[in-house]
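To be precise, the following lines are model24.cif, and they hold mmCIF, C-alpha atoms.
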```
data_input
#
loop_
_atom_site.label_atom_id
_atom_site.label_comp_id
_atom_site.auth_asym_id
_atom_site.auth_seq_id
_atom_site.Cartn_x
_atom_site.Cartn_y
_atom_site.Cartn_z
CA MET V 1 90.75 89.35 90.11
CA LYS V 2 90.83 93.14 89.83
CA LEU V 3 93.76 94.92 91.48
CA ALA V 4 93.38 98.64 92.20
CA TYR V 5 95.36 101.54 93.62
CA PHE V 6 93.92 104.05 96.09
CA THR V 7 95.18 107.09 97.96
CA GLU V 8 93.38 109.43 100.34
CA ARG V 9 95.33 112.31 98.73
CA PRO V 10 96.58 113.62 102.10
CA TYR V 11 97.76 117.19 102.60
CA ARG V 12 101.40 116.42 103.43
CA HIS V 13 102.45 119.74 104.95
CA ILE V 14 100.58 120.00 108.23
CA ASP V 15 102.46 119.74 111.53
CA GLU V 16 101.52 116.53 113.30
CA ASP V 17 101.36 118.33 116.65
CA VAL V 18 98.61 120.58 115.25
CA VAL V 19 96.50 117.52 114.50
CA LEU V 20 97.22 115.97 117.89
CA LYS V 21 96.33 119.21 119.68
CA ASN V 22 93.03 119.33 117.77
CA LYS V 23 92.56 115.62 118.61
CA ALA V 24 91.62 114.99 114.97
CA PHE V 25 92.29 115.99 111.37
CA PHE V 26 88.71 117.20 110.92
CA GLY V 27 88.43 120.71 112.29
CA CYS V 28 92.06 121.78 111.78
CA PRO V 29 91.87 125.42 110.63
CA ASN V 30 92.20 125.99 106.88
CA SER V 31 94.53 128.93 107.56
CA LEU V 32 97.20 126.21 107.56
CA TYR V 33 96.58 125.39 103.90
CA ASP V 34 99.33 126.52 101.50
CA GLU V 35 97.91 126.74 97.98
CA LYS V 36 101.27 126.20 96.26
CA LYS V 37 101.99 123.03 98.24
CA GLY V 38 98.40 121.88 97.90
CA ALA V 39 98.46 122.38 94.13
CA HIS V 40 101.62 120.30 93.92
CA ASP V 41 100.01 117.53 95.97
CA TYR V 42 96.89 117.45 93.77
CA ASN V 43 99.00 117.06 90.63
CA GLN V 44 101.25 114.47 92.30
CA PHE V 45 98.25 112.32 93.13
CA ILE V 46 96.92 112.48 89.56
CA ASP V 47 100.40 111.48 88.39
CA GLU V 48 100.36 108.58 90.86
CA TYR V 49 97.17 107.24 89.37
CA CYS V 50 98.62 107.50 85.87
CA LEU V 51 101.73 105.66 87.07
CA ALA V 52 99.55 102.98 88.68
CA GLU V 53 97.85 102.35 85.35
CA GLU V 54 101.21 102.26 83.59
CA VAL V 55 102.66 99.58 85.90
CA GLY V 56 99.64 97.30 85.65
CA PHE V 57 96.90 98.18 88.14
CA ASP V 58 93.42 97.36 86.81
CA GLY V 59 91.63 100.11 88.71
CA LEU V 60 92.13 103.58 90.17
CA ALA V 61 90.01 104.19 93.27
CA LEU V 62 88.85 107.57 94.55
CA ASN V 63 86.89 108.64 97.61
CA GLU V 64 85.54 111.91 98.99
CA HIS V 65 85.79 113.73 102.32
CA HIS V 66 85.19 117.34 103.30
CA GLY V 67 87.10 119.92 105.30
CA ASN V 68 89.83 117.47 106.20
CA PRO V 69 93.61 117.43 105.52
CA TYR V 70 93.50 113.64 105.92
CA CYS V 71 91.88 113.56 102.46
CA MET V 72 92.00 116.46 99.99
CA GLY V 73 89.58 114.71 97.64
CA SER V 74 86.54 116.83 98.40
CA VAL V 75 84.93 116.65 94.92
CA ILE V 76 85.34 113.09 93.75
CA ASN V 77 83.70 113.51 90.35
CA ILE V 78 86.06 116.28 89.27
CA GLU V 79 89.06 114.06 89.95
CA ALA V 80 87.35 111.15 88.19
CA ALA V 81 86.73 113.33 85.14
CA VAL V 82 90.41 114.26 85.03
CA LEU V 83 91.41 110.59 85.24
CA ALA V 84 88.87 109.66 82.57
CA ARG V 85 90.85 111.78 80.12
CA ALA V 86 94.35 111.26 81.53
CA THR V 87 94.19 107.44 81.52
CA SER V 88 93.09 104.92 78.92
CA LYS V 89 92.75 101.40 80.35
CA ALA V 90 92.16 101.24 84.09
CA LYS V 91 88.72 101.20 85.65
CA ILE V 92 87.85 104.40 87.52
CA ILE V 93 86.43 103.20 90.83
CA LEU V 94 84.45 105.63 92.98
CA ILE V 95 84.14 104.58 96.61
CA GLY V 96 82.10 106.61 96.51
CA ASN V 97 79.68 109.50 96.05
CA PRO V 98 78.19 110.43 99.47
CA LEU V 99 74.58 110.65 98.36
CA PRO V 100 72.91 111.95 101.55
CA VAL V 101 75.26 114.93 101.84
CA VAL V 102 75.39 115.85 98.14
CA LYS V 103 71.58 116.20 98.23
CA HIS V 104 71.25 116.46 94.44
CA PRO V 105 70.96 112.98 92.88
CA LEU V 106 70.00 114.29 89.42
CA ARG V 107 73.23 116.29 89.25
CA VAL V 108 75.19 113.20 90.40
CA ALA V 109 73.51 111.09 87.69
CA GLU V 110 74.57 113.58 85.02
CA GLU V 111 78.13 113.90 86.29
CA LEU V 112 78.68 110.15 86.43
CA ALA V 113 77.18 109.57 82.99
CA THR V 114 79.57 112.21 81.65
CA ILE V 115 82.55 110.48 83.30
CA ASP V 116 81.45 107.13 81.86
CA ASN V 117 81.31 108.66 78.38
CA LEU V 118 84.65 110.45 78.73
CA SER V 119 86.29 107.18 79.78
CA TYR V 120 84.51 105.06 77.13
CA GLY V 121 82.83 102.93 79.78
CA ARG V 122 85.52 102.52 82.44
CA LEU V 123 83.52 103.88 85.40
CA ILE V 124 82.64 101.78 88.46
CA SER V 125 80.22 103.88 90.47
CA GLY V 126 80.13 103.30 94.20
CA TRP V 127 77.88 104.93 96.76
CA VAL V 128 78.47 105.82 100.40
CA ARG V 129 76.45 107.39 103.18
CA GLY V 130 79.31 109.76 104.02
CA ALA V 131 81.32 109.72 107.24
CA GLY V 132 79.77 111.19 110.36
CA SER V 133 81.83 114.38 109.96
CA GLU V 134 80.37 114.92 106.48
CA GLN V 135 76.95 115.34 108.07
CA PHE V 136 78.30 118.31 110.06
CA PHE V 137 80.22 119.82 107.15
CA ASN V 138 77.27 119.61 104.75
CA ASN V 139 74.56 120.42 107.29
CA ALA V 140 72.83 117.07 106.72
CA ASN V 141 70.52 115.54 109.32
CA PRO V 142 72.18 112.22 110.27
CA ALA V 143 68.85 110.71 111.31
CA TYR V 144 67.69 110.81 107.67
CA ASN V 145 71.02 109.61 106.29
CA ARG V 146 70.01 106.09 105.29
CA GLU V 147 66.60 107.18 104.01
CA MET V 148 68.22 109.79 101.78
CA PHE V 149 70.87 107.32 100.64
CA ASN V 150 68.30 104.75 99.54
CA GLU V 151 66.05 107.28 97.81
CA ALA V 152 68.94 108.99 95.99
CA HIS V 153 70.32 105.64 94.82
CA ASP V 154 66.98 104.48 93.45
CA PHE V 155 66.37 107.83 91.75
CA ILE V 156 69.77 107.78 89.98
CA LEU V 157 69.13 104.33 88.53
CA GLN V 158 65.76 105.54 87.29
CA ALA V 159 67.34 108.64 85.77
CA TRP V 160 69.76 106.39 83.85
CA THR V 161 67.18 103.91 82.60
CA ARG V 162 63.76 105.56 82.37
CA GLU V 163 62.86 107.46 79.23
CA GLY V 164 62.35 111.17 79.94
CA PRO V 165 61.03 113.65 80.56
CA TRP V 166 59.21 112.71 83.74
CA ARG V 167 58.42 114.26 87.12
CA TYR V 168 59.65 112.96 90.46
CA GLU V 169 58.10 113.55 93.88
CA GLY V 170 59.84 111.66 96.68
CA LYS V 171 60.16 112.10 100.42
CA HIS V 172 63.52 113.93 100.33
CA PHE V 173 63.97 114.88 96.65
CA HIS V 174 61.67 116.60 94.16
CA TYR V 175 62.20 117.32 90.46
CA ARG V 176 59.76 118.86 88.01
CA HIS V 177 61.67 117.74 84.94
CA VAL V 178 63.87 114.62 84.80
CA ASN V 179 65.42 114.18 81.37
CA PRO V 180 69.24 113.88 81.57
CA TRP V 181 70.58 114.08 78.03
CA VAL V 182 73.88 112.28 78.62
CA LEU V 183 73.28 108.67 79.66
CA PRO V 184 75.90 106.10 80.75
CA TYR V 185 78.16 104.61 78.11
CA GLN V 186 77.76 101.19 79.77
CA LYS V 187 74.32 99.63 79.50
CA PRO V 188 72.17 99.73 81.42
CA TYR V 189 74.66 101.51 83.72
CA PRO V 190 78.10 101.04 85.36
CA GLN V 191 78.72 98.42 88.00
CA GLN V 192 78.05 99.56 91.55
CA TRP V 193 80.63 98.66 94.24
CA ILE V 194 79.64 99.56 97.79
CA PRO V 195 82.33 100.23 100.42
CA GLY V 196 81.54 99.74 104.07
CA VAL V 197 82.91 99.29 107.57
CA LEU V 198 80.69 97.65 110.19
CA SER V 199 77.11 98.42 109.16
CA PRO V 200 75.03 95.23 108.85
CA GLU V 201 72.33 97.19 107.00
CA THR V 202 74.77 98.10 104.24
CA VAL V 203 75.91 94.47 103.89
CA LEU V 204 72.36 93.15 103.67
CA TRP V 205 71.37 95.91 101.22
CA CYS V 206 74.31 94.94 98.99
CA ALA V 207 73.28 91.30 99.05
CA GLU V 208 69.71 92.25 98.09
CA LYS V 209 70.98 94.39 95.21
CA ARG V 210 73.67 91.81 94.28
CA TYR V 211 76.28 94.56 94.54
CA PRO V 212 79.91 93.75 95.37
CA TYR V 213 80.71 94.82 98.92
CA LEU V 214 84.13 96.39 99.50
CA GLY V 215 85.52 95.97 103.02
CA LEU V 216 87.54 98.99 104.09
CA GLY V 217 90.44 97.53 106.01
CA SER V 218 88.29 95.94 108.71
CA ALA V 219 89.90 93.28 110.91
CA LEU V 220 89.89 89.84 109.29
CA GLY V 221 87.56 88.37 111.92
CA ALA V 222 85.02 91.15 111.52
CA THR V 223 85.39 90.93 107.75
CA CYS V 224 84.55 87.22 107.83
CA ASP V 225 81.46 88.04 109.91
CA LEU V 226 80.33 90.56 107.30
CA TRP V 227 81.04 88.14 104.43
CA ASP V 228 78.95 85.43 106.14
CA MET V 229 76.13 87.89 106.75
CA TYR V 230 76.12 88.76 103.04
CA ALA V 231 76.30 85.11 101.97
CA ASP V 232 73.46 84.06 104.29
CA LYS V 233 71.24 86.76 102.82
CA ALA V 234 72.28 85.77 99.31
CA ALA V 235 71.30 82.16 100.04
CA GLU V 236 67.88 83.36 101.23
CA LEU V 237 67.54 85.14 97.91
CA GLY V 238 68.48 82.03 95.95
CA TYR V 239 72.07 82.59 94.91
CA GLN V 240 75.54 81.59 96.04
CA ALA V 241 77.83 84.47 96.94
CA GLY V 242 81.41 84.12 95.77
CA SER V 243 84.59 86.12 95.38
CA GLU V 244 82.83 88.27 92.77
CA ASN V 245 80.64 89.65 95.57
CA PHE V 246 83.53 90.91 97.71
CA GLY V 247 86.46 93.30 97.62
CA TYR V 248 88.99 94.41 100.21
CA LEU V 249 91.09 97.54 100.68
CA LEU V 250 94.38 97.29 102.58
CA PRO V 251 96.95 99.90 103.70
CA LEU V 252 100.00 98.71 101.76
CA PHE V 253 103.41 100.35 101.35
CA VAL V 254 106.44 98.83 99.65
CA SER V 255 110.08 99.90 99.48
CA ASP V 256 113.38 98.44 98.28
CA ASN V 257 114.57 98.58 101.89
CA ALA V 258 112.75 96.91 104.79
CA ALA V 259 113.80 99.51 107.35
CA GLU V 260 112.65 102.38 105.12
CA ALA V 261 109.34 100.62 104.50
CA GLN V 262 108.75 100.42 108.24
CA GLU V 263 109.72 104.05 108.80
CA ILE V 264 107.63 105.48 105.95
CA GLY V 265 104.76 103.12 106.78
CA ARG V 266 104.39 104.91 110.10
CA GLY V 267 102.64 107.56 108.03
CA TYR V 268 99.51 105.41 108.37
CA THR V 269 99.38 106.54 112.02
CA PHE V 270 100.48 110.15 111.40
CA GLY V 271 98.31 112.46 113.51
CA GLY V 272 96.45 109.48 114.90
CA GLY V 273 95.90 107.85 111.52
CA GLN V 274 92.39 106.64 110.78
CA ASN V 275 91.51 106.87 114.45
CA GLY V 276 92.34 110.58 114.27
CA PHE V 277 90.12 111.24 111.27
CA SER V 278 87.53 113.03 113.40
CA ARG V 279 86.61 113.37 117.07
CA PRO V 280 83.86 111.13 118.54
CA GLU V 281 81.16 113.82 118.41
CA HIS V 282 81.79 114.19 114.68
CA THR V 283 82.37 110.50 113.94
CA LEU V 284 79.19 109.22 115.58
CA PRO V 285 76.51 111.94 115.50
CA PRO V 286 73.17 110.95 117.09
CA GLY V 287 70.93 109.06 114.69
CA TYR V 288 73.68 108.22 112.21
CA ASN V 289 74.21 104.57 113.17
CA SER V 290 71.67 101.81 113.62
CA LYS V 291 71.45 99.66 116.73
CA GLY V 292 72.99 96.80 114.76
CA ALA V 293 75.98 98.89 113.71
CA ILE V 294 76.48 100.09 117.29
CA ARG V 295 76.45 96.50 118.55
CA MET V 296 79.15 95.55 116.02
CA MET V 297 81.22 98.58 117.01
CA ALA V 298 80.99 97.59 120.66
CA LYS V 299 82.52 94.18 119.82
CA ALA V 300 85.27 95.50 117.52
CA ALA V 301 88.88 95.23 118.65
CA PRO V 302 90.63 98.55 119.45
CA GLY V 303 91.92 100.33 116.37
CA SER V 304 90.40 97.69 114.12
CA SER V 305 88.17 99.74 111.89
CA TRP V 306 88.13 102.32 109.12
CA LEU V 307 88.26 106.00 110.14
CA GLY V 308 88.26 104.93 113.80
CA ILE V 309 84.66 103.75 113.62
CA GLY V 310 84.86 101.29 116.48
CA LYS V 311 84.66 100.63 120.19
CA GLU V 312 87.10 103.36 121.25
CA LYS V 313 85.10 106.11 119.55
CA LEU V 314 81.83 104.61 120.76
CA ASP V 315 83.01 104.61 124.38
CA ALA V 316 84.38 108.16 124.02
CA SER V 317 81.12 109.43 122.57
CA ARG V 318 79.37 108.18 125.70
CA SER V 319 81.93 109.37 128.25
CA GLY V 320 82.87 112.65 126.59
CA LYS V 321 86.56 111.81 127.10
CA TRP V 322 88.84 111.48 124.09
CA GLN V 323 92.63 111.47 123.94
CA GLU V 324 93.14 113.17 127.29
CA GLU V 325 96.92 112.71 127.17
CA GLN V 326 98.65 116.08 126.63
CA ASP V 327 102.24 114.82 126.26
CA PHE V 328 102.56 114.34 122.50
CA ASP V 329 105.68 112.21 122.87
CA ILE V 330 103.60 109.71 124.83
CA VAL V 331 100.83 109.94 122.23
CA LYS V 332 103.28 109.25 119.40
CA GLN V 333 104.68 106.25 121.24
CA LYS V 334 101.16 104.87 121.59
CA LEU V 335 100.62 105.45 117.88
CA LEU V 336 103.79 103.52 117.11
CA SER V 337 102.48 100.64 119.24
CA SER V 338 99.17 100.72 117.37
CA TYR V 339 101.09 100.64 114.07
CA GLN V 340 102.90 97.52 115.20
CA ARG V 341 99.64 95.87 116.35
CA ALA V 342 97.97 96.66 113.04
CA GLN V 343 100.83 94.93 111.20
CA GLU V 344 100.57 91.90 113.47
CA ASN V 345 96.84 91.70 112.64
CA LEU V 346 97.54 92.19 108.90
CA GLN V 347 95.53 95.43 108.82
CA ILE V 348 98.61 97.30 107.61
CA VAL V 349 101.26 95.64 105.46
CA CYS V 350 104.65 97.30 104.90
CA GLY V 351 107.95 95.90 103.66
CA THR V 352 109.88 94.84 100.62
CA PRO V 353 108.05 92.98 97.83
CA ASP V 354 109.32 89.65 99.15
CA GLN V 355 108.02 90.50 102.62
CA VAL V 356 104.54 91.73 101.64
CA ILE V 357 103.63 89.06 99.05
CA PRO V 358 103.13 86.19 101.55
CA LYS V 359 101.11 88.45 103.84
CA ILE V 360 98.78 89.51 101.03
CA LYS V 361 98.38 85.88 100.01
CA ALA V 362 97.44 85.01 103.60
CA ILE V 363 94.75 87.71 103.59
CA LEU V 364 93.39 86.55 100.24
CA ARG V 365 93.25 82.96 101.47
CA VAL V 366 91.14 83.98 104.49
CA ILE V 367 88.62 86.38 102.96
CA ARG V 368 88.75 85.40 99.24
CA PRO V 369 87.85 88.76 97.63
CA GLY V 370 87.43 89.22 93.89
CA SER V 371 89.02 92.67 94.03
CA PHE V 372 91.95 93.89 96.08
CA THR V 373 92.85 97.55 96.51
CA ALA V 374 96.22 98.84 97.75
CA PHE V 375 95.85 101.95 99.93
CA GLY V 376 98.93 104.20 99.49
CA VAL V 377 100.72 105.56 102.53
CA GLN V 378 99.56 108.59 104.52
CA GLY V 379 101.77 111.12 106.29
CA VAL V 380 104.68 113.01 104.79
CA ALA V 381 106.22 110.47 102.38
CA SER V 382 107.99 112.16 99.46
CA ASP V 383 106.89 111.98 95.82
CA GLN V 384 109.80 109.65 95.12
CA GLN V 385 108.95 107.29 97.98
CA ARG V 386 105.29 107.14 96.99
CA ASN V 387 106.08 106.57 93.32
CA ARG V 388 108.62 103.86 94.09
CA SER V 389 106.05 101.98 96.15
CA ILE V 390 103.64 102.02 93.20
CA GLU V 391 106.36 100.84 90.82
CA LEU V 392 107.36 97.95 93.08
CA LEU V 393 103.75 96.96 93.63
CA GLY V 394 102.98 96.94 89.94
CA ARG V 395 106.10 95.22 88.71
CA GLU V 396 106.88 92.76 91.50
CA VAL V 397 103.86 92.30 93.78
CA LEU V 398 100.87 92.34 91.41
CA PRO V 399 102.11 89.52 89.12
CA ALA V 400 102.54 87.21 92.13
CA ILE V 401 99.11 88.13 93.50
CA ARG V 402 97.41 87.60 90.14
CA GLU V 403 98.95 84.15 89.87
CA TYR V 404 97.89 83.24 93.40
CA ALA V 405 94.36 84.55 92.89
CA LYS V 406 94.04 82.37 89.81
CA GLU V 407 95.44 79.39 91.72
CA ILE V 408 92.80 79.64 94.48
CA GLY V 409 89.95 80.54 92.11
CA LEU V 410 89.30 84.20 92.89
CA VAL V 411 87.21 85.86 90.19
CA ASP V 412 85.87 89.41 90.03
CA SER V 413 82.45 90.78 89.12
CA PHE V 414 83.49 91.33 85.50
CA GLU V 415 84.51 87.69 85.12
CA ARG V 416 81.39 86.30 86.80
CA GLU V 417 78.16 88.23 87.22
CA THR V 418 77.12 88.69 90.83
CA GLY V 419 74.08 86.59 91.69
CA SER V 420 74.52 84.35 88.63
CA VAL V 421 75.33 81.18 90.61
CA LYS V 422 71.89 79.92 91.58
CA LEU V 423 71.24 78.12 94.84
CA ALA V 424 68.22 75.85 95.16
CA HIS V 425 65.90 76.43 98.11
CA GLY V 426 67.06 74.46 101.13
CA THR V 427 70.54 73.90 99.72
CA ARG V 428 73.38 74.66 102.09
CA ARG V 429 75.58 77.50 100.82
CA ALA V 430 79.30 77.12 100.29
CA PRO V 431 81.74 78.98 102.60
CA VAL V 432 82.88 82.43 101.47
CA CYS V 433 85.85 82.75 103.83
CA ASP V 434 88.37 80.46 105.49
CA ARG V 435 88.29 80.91 109.26
CA GLU V 436 90.64 77.98 109.81
CA ALA V 437 93.29 79.79 107.76
CA MET V 438 92.76 82.83 109.97
CA ARG V 439 93.30 80.74 113.11
CA GLU V 440 96.49 79.35 111.61
CA LEU V 441 97.72 82.93 111.31
CA GLY V 442 97.14 83.37 115.05
CA ILE V 443 94.45 86.01 114.52
CA LYS V 444 91.41 85.91 116.76
CA ALA V 445 88.00 85.54 115.12
CA ALA V 446 86.61 88.64 116.82
#
```

How does this structure look as structure tokens?
Amino acid sequence: MKLAYFTERPYRHIDEDVVLKNKAFFGCPNSLYDEKKGAHDYNQFIDEYCLAEEVGFDGLALNEHHGNPYCMGSVINIEAAVLARATSKAKIILIGNPLPVVKHPLRVAEELATIDNLSYGRLISGWVRGAGSEQFFNNANPAYNREMFNEAHDFILQAWTREGPWRYEGKHFHYRHVNPWVLPYQKPYPQQWIPGVLSPETVLWCAEKRYPYLGLGSALGATCDLWDMYADKAAELGYQAGSENFGYLLPLFVSDNAAEAQEIGRGYTFGGGQNGFSRPEHTLPPGYNSKGAIRMMAKAAPGSSWLGIGKEKLDASRSGKWQEEQDFDIVKQKLLSSYQRAQENLQIVCGTPDQVIPKIKAILRVIRPGSFTAFGVQGVASDQQRNRSIELLGREVLPAIREYAKEIGLVDSFERETGSVKLAHGTRRAPVCDREAMRELGIKAA
């Protein structure tokens, strides 16, 4: 099993009431940015990743968002290049480059090949479509999002493997001269891990490509549904999906003191948390989601999905009403309640090492992922509190999780190649999750 550390790199100096008044992080005015504080935060987060490697994490995960204090990582490949030189052992996991909004796949191919060379082959290159708000920020037509994603992905793999120079004429991208000089260190190219939330198209695409699918904190019931969807498609294609095909990312904060862990963990709901990432009109622009994704959103439990992509936002996008409450004390009390519900559903885990280990084991038993990523706390936690959580995770939690993963047979995509376990036509596939274990936890299937 691969164990990774991830942080959204939040800007920790914005007043929560400003975010609540704006009804989202996205769209808060950049006049509130303090370059001295922001510079400190950027360097702190790089130091966190170096510390994570030092205490035993196998991977360092980065993402990208734009114009948003929720996540200051607006140029993922620059940060990855820094980590390629500042670290020496851990995989650098990109989750991932938003291909439809970057709009320059040849440049992305060159940047990633450079990172893979700088790191001597430690890059894991993931791709995303980009959140709905990224379409606004980058002036990208959401109706063409998936088309552009697929074309950019296919082009990049060609650029890495096809001898140049050659010309490319596609529907969305055109290049007279394709001949990138720097090619990936790994041959034929780095592994591709694909993060996702509730899009069935993404899950099925991953199964067709035999790419590991990384669930972004989705509720365990919905995650099992996605796993089964992947495994059914894999069986159609003649292979048995296993733990190597799946990964999971979980908000996870650890402290020496249980009460402090609970208090600092509330940072996951600071400003509305993931649900406050962007307002409905920015989260779900017309044409961005398929009918299948919308149907899954309509069934999702409240507050159960990444970046608030779920039923609440879907209903608000239709009604035009979103967070009408003007009394911020009432709003914060509701956020505290949502924080408690998320912990009950094991979508946020906070506590001492002894408290979080059995909860993580319970999650692993249900969804059986080959990779597990700890998502560091949001909000205004201090450098010391953030660093201590990483230290405790690495030195006390990770060893126990590694042992348990070995005990229940969880392997990652470096230990067993995805798609390598063949399944004869007509043979019934093996289960990829344990729904009975989920019922024993008292968590509903949907």

Contacts of V:Val182 within 7 Å, all atoms listed in the file, excl. fewer than 3 positions in-chain, as a list of chain:residue names
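Non-adjacent residues within range: V:Glu110, V:Ala113, V:Thr114.
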
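Using all atoms listed in the file, the smallest distance between any of V:Arg9, V:Arg439, V:Lys209, V:Arg162 and V:Ser74 comes from V:Arg9.
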
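What the PyMOL selection byres ((chain V and resi 235) around 10) matches in the given file is Ala207, Tyr230, Ala231, Asp232, Lys233, Ala234, Glu236, Leu237, Gly238, Tyr239, Gln240, Ala241, Gly419, Lys422, Leu423, Ala424, His425, Gly426, Thr427, Arg428, Arg429 and Ala430 of chain V.
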
Would you write out, as a VMD selection string, every residue that the PyMOL selection byres ((chain V and resi 382) around 12) captures in this file?
chain V and resid 10 to 13 40 to 41 44 to 45 264 267 377 to 381 383 to 389

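Residue nearest V:Pro195, chosen from V:Ile95, V:Ala400, V:Ile46, V:Leu249 and counting all atoms listed in the file: V:Ile95.
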
Given the PyMOL selection byres ((chain V and resi 248) around 10) and the file above, list the residues it selects as a list in words.
Leu3, Pro195, Gly196, Tyr213, Leu214, Gly215, Leu216, Gly217, Ser218, Thr223, Phe246, Gly247, Leu249, Leu250, Ile363, Leu364, Ile367, Arg368, Pro369, Gly370, Ser371, Phe372, Thr373 and Ala374 of chain V

Shell of 10 Å around V:Glu163, all atoms listed in the file, local chain residues under 4 positions omitted, as a ChimeraX atom specification:
/V:158-159,178-180

Point-to-point distance from atom CA of V:Pro200 to atom CA of V:Ser413, Å rounded to tenths:
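Computing it gives 21.5 Å between the two atoms.
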
Pick out the residues sitting within 12 Å of V:Leu106, and hand them over as a CSV table (one decimal) with C-alpha atoms, in the coordinates of the input; count only C-alpha atoms, and ignore anything fewer than 3 positions along from it in its own chain.
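That gives us result-v4.csv:
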```
chain,number,residue,atom,x,y,z
V,99,LEU,CA,74.6,110.6,98.4
V,102,VAL,CA,75.4,115.8,98.1
V,103,LYS,CA,71.6,116.2,98.2
V,109,ALA,CA,73.5,111.1,87.7
V,110,GLU,CA,74.6,113.6,85.0
V,111,GLU,CA,78.1,113.9,86.3
V,112,LEU,CA,78.7,110.2,86.4
V,113,ALA,CA,77.2,109.6,83.0
V,151,GLU,CA,66.0,107.3,97.8
V,152,ALA,CA,68.9,109.0,96.0
V,153,HIS,CA,70.3,105.6,94.8
V,154,ASP,CA,67.0,104.5,93.4
V,155,PHE,CA,66.4,107.8,91.8
V,156,ILE,CA,69.8,107.8,90.0
V,157,LEU,CA,69.1,104.3,88.5
V,158,GLN,CA,65.8,105.5,87.3
V,159,ALA,CA,67.3,108.6,85.8
V,160,TRP,CA,69.8,106.4,83.8
V,167,ARG,CA,58.4,114.3,87.1
V,168,TYR,CA,59.6,113.0,90.5
V,173,PHE,CA,64.0,114.9,96.6
V,174,HIS,CA,61.7,116.6,94.2
V,175,TYR,CA,62.2,117.3,90.5
V,176,ARG,CA,59.8,118.9,88.0
V,177,HIS,CA,61.7,117.7,84.9
V,178,VAL,CA,63.9,114.6,84.8
V,179,ASN,CA,65.4,114.2,81.4
V,180,PRO,CA,69.2,113.9,81.6
V,181,TRP,CA,70.6,114.1,78.0
V,182,VAL,CA,73.9,112.3,78.6
V,183,LEU,CA,73.3,108.7,79.7
```
